[in-house]
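Everything below belongs to protein-v9.cif, which stores mmCIF, C-alpha atoms.
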```
data_start
#
loop_
_atom_site.group_PDB
_atom_site.id
_atom_site.type_symbol
_atom_site.label_atom_id
_atom_site.label_comp_id
_atom_site.auth_asym_id
_atom_site.auth_seq_id
_atom_site.Cartn_x
_atom_site.Cartn_y
_atom_site.Cartn_z
ATOM 1 C CA ASN G 1 9.957 -6.476 2.234
ATOM 2 C CA HIS G 2 13.568 -6.299 1.094
ATOM 3 C CA ASP G 3 12.419 -4.339 -1.953
ATOM 4 C CA LEU G 4 11.516 -1.573 0.462
ATOM 5 C CA ASP G 5 15.169 -1.197 1.407
ATOM 6 C CA THR G 6 15.765 0.579 -1.906
ATOM 7 C CA ASP G 7 15.357 4.347 -2.148
ATOM 8 C CA ASP G 8 11.903 4.206 -3.691
ATOM 9 C CA GLY G 9 10.713 0.580 -3.747
ATOM 10 C CA THR G 10 11.190 0.332 -7.530
ATOM 11 C CA PRO G 11 11.969 -3.429 -7.536
ATOM 12 C CA TYR G 12 8.566 -4.063 -5.925
ATOM 13 C CA SER G 13 6.611 -1.889 -8.346
ATOM 14 C CA GLU G 14 8.449 -3.319 -11.358
ATOM 15 C CA TYR G 15 7.782 -6.927 -10.326
ATOM 16 C CA PHE G 16 4.086 -6.747 -9.418
ATOM 17 C CA PRO G 17 1.364 -5.715 -11.884
ATOM 18 C CA VAL G 18 -1.205 -2.983 -11.212
ATOM 19 C CA PRO G 19 -3.001 -2.714 -8.791
ATOM 20 C CA ILE G 20 -0.586 -4.698 -6.605
ATOM 21 C CA SER G 21 2.241 -2.363 -7.582
ATOM 22 C CA ALA G 22 0.318 0.510 -6.015
ATOM 23 C CA ARG G 23 1.419 1.333 -2.489
ATOM 24 C CA PHE G 24 -2.156 0.967 -1.217
ATOM 25 C CA TYR G 25 -5.304 -0.155 -3.017
ATOM 26 C CA ASP G 26 -8.542 -2.050 -2.636
ATOM 27 C CA LYS G 27 -10.059 -4.986 -4.487
ATOM 28 C CA VAL G 28 -13.453 -6.634 -4.408
ATOM 29 C CA ILE G 29 -13.512 -10.407 -4.794
ATOM 30 C CA GLY G 30 -17.062 -11.715 -4.712
ATOM 31 C CA ASP G 31 -18.665 -10.558 -1.462
ATOM 32 C CA VAL G 32 -15.327 -9.615 0.090
ATOM 33 C CA HIS G 33 -13.825 -6.117 -0.131
ATOM 34 C CA LEU G 34 -10.102 -6.136 0.633
ATOM 35 C CA PHE G 35 -8.100 -3.046 1.580
ATOM 36 C CA MET G 36 -4.334 -3.231 1.255
ATOM 37 C CA VAL G 37 -2.340 -0.535 3.033
ATOM 38 C CA ASP G 38 1.370 0.157 3.272
ATOM 39 C CA SER G 39 2.665 0.661 6.765
ATOM 40 C CA GLY G 40 5.993 -1.021 6.139
ATOM 41 C CA TYR G 41 9.310 0.042 7.520
ATOM 42 C CA ASN G 42 12.638 -0.866 5.943
ATOM 43 C CA THR G 43 15.376 -2.643 7.856
ATOM 44 C CA ALA G 44 16.736 0.726 9.009
ATOM 45 C CA GLY G 45 13.411 1.425 10.734
ATOM 46 C CA VAL G 46 12.347 4.120 8.261
ATOM 47 C CA LEU G 47 8.727 4.301 7.074
ATOM 48 C CA VAL G 48 8.879 3.854 3.318
ATOM 49 C CA GLU G 49 5.329 4.876 2.365
ATOM 50 C CA PRO G 50 5.544 8.343 0.724
ATOM 51 C CA ALA G 51 1.861 9.020 1.481
ATOM 52 C CA GLY G 52 2.463 8.402 5.177
ATOM 53 C CA ALA G 53 0.867 5.907 7.521
ATOM 54 C CA ASP G 54 -0.349 7.967 10.459
ATOM 55 C CA PRO G 55 -4.013 8.940 11.024
ATOM 56 C CA SER G 56 -3.569 12.304 9.250
ATOM 57 C CA SER G 57 -1.764 10.893 6.185
ATOM 58 C CA ALA G 58 -2.985 10.817 2.590
ATOM 59 C CA GLN G 59 -3.135 7.027 2.845
ATOM 60 C CA ALA G 60 -5.406 7.237 5.909
ATOM 61 C CA ALA G 61 -7.656 9.774 4.161
ATOM 62 C CA TRP G 62 -7.942 7.418 1.165
ATOM 63 C CA LEU G 63 -8.855 4.488 3.426
ATOM 64 C CA GLN G 64 -11.401 6.515 5.391
ATOM 65 C CA ALA G 65 -13.043 7.701 2.163
ATOM 66 C CA ARG G 66 -13.153 4.186 0.668
ATOM 67 C CA LEU G 67 -14.629 2.735 3.870
ATOM 68 C CA ALA G 68 -17.218 5.520 4.088
ATOM 69 C CA ALA G 69 -18.277 4.800 0.504
ATOM 70 C CA GLN G 70 -19.323 1.252 1.470
#
```
For the file at hand, write its structure as structure tokens.
Amino acid sequence: NHDLDTDDGTPYSEYFPVPISARFYDKVIGDVHLFMVDSGYNTAGVLVEPAGADPSSAQAAWLQARLAAQ
């Protein structure tokens, strides 16, 4: 999570390939559907997800839509 201590998390997104470099994403592996979300805070206690992490955030809307599509 130290990559999140940068202004925009660039070290993280440059190191990991797509889709892992996305801030939140889903992946199906066989019969398992995984949902990865970003609710991380940096060491200063600041939420670093630009799309937000509360129930009314864009990230939450994405997750709700993806779960409803199942």
Compile the contact shell of region 60-63 of chain G as JSON, numbers by chain: residues with an atom at most 12 Å away, counting all atoms listed in the file, same-chain residues fewer than 4 positions apart removed. {"G": [23, 24, 25, 26, 34, 35, 36, 37, 38, 39, 49, 51, 52, 53, 54, 55, 56, 67, 68, 69, 70]}
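Across the structure, CA of Leu47 (chain G) and CA of His33 (chain G) are spaced 25.9 Å apart.
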Using all atoms listed in the file, the residue out of G:Val32, G:Ala22, G:Pro11, G:Phe16 with shortest distance to Pro50 (chain G) is G:Ala22
Atomic distance CA of Gln59 (chain G) - CA of Gly30 (chain G), expressed in Å with one decimal: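 About the pair CA of Gln59 (chain G) and CA of Gly30 (chain G): they are 24.5 Å apart.
For the atom pair formed by CA of Asp31 (chain G) and CA of Glu14 (chain G), the distance is 29.8 Å, given to one decimal.
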If you take every atom of region 60-68 of chain G that the file lists and fit an axis-aligned box around them with 5 Å extra on each side, what centre and edge lengths come out in Å to one decimal, as lines of an AutoDock Vina configuration file?
```
center_x = -11.3
center_y = 6.3
center_z = 3.3
size_x = 21.8
size_y = 17.0
size_z = 15.2
```
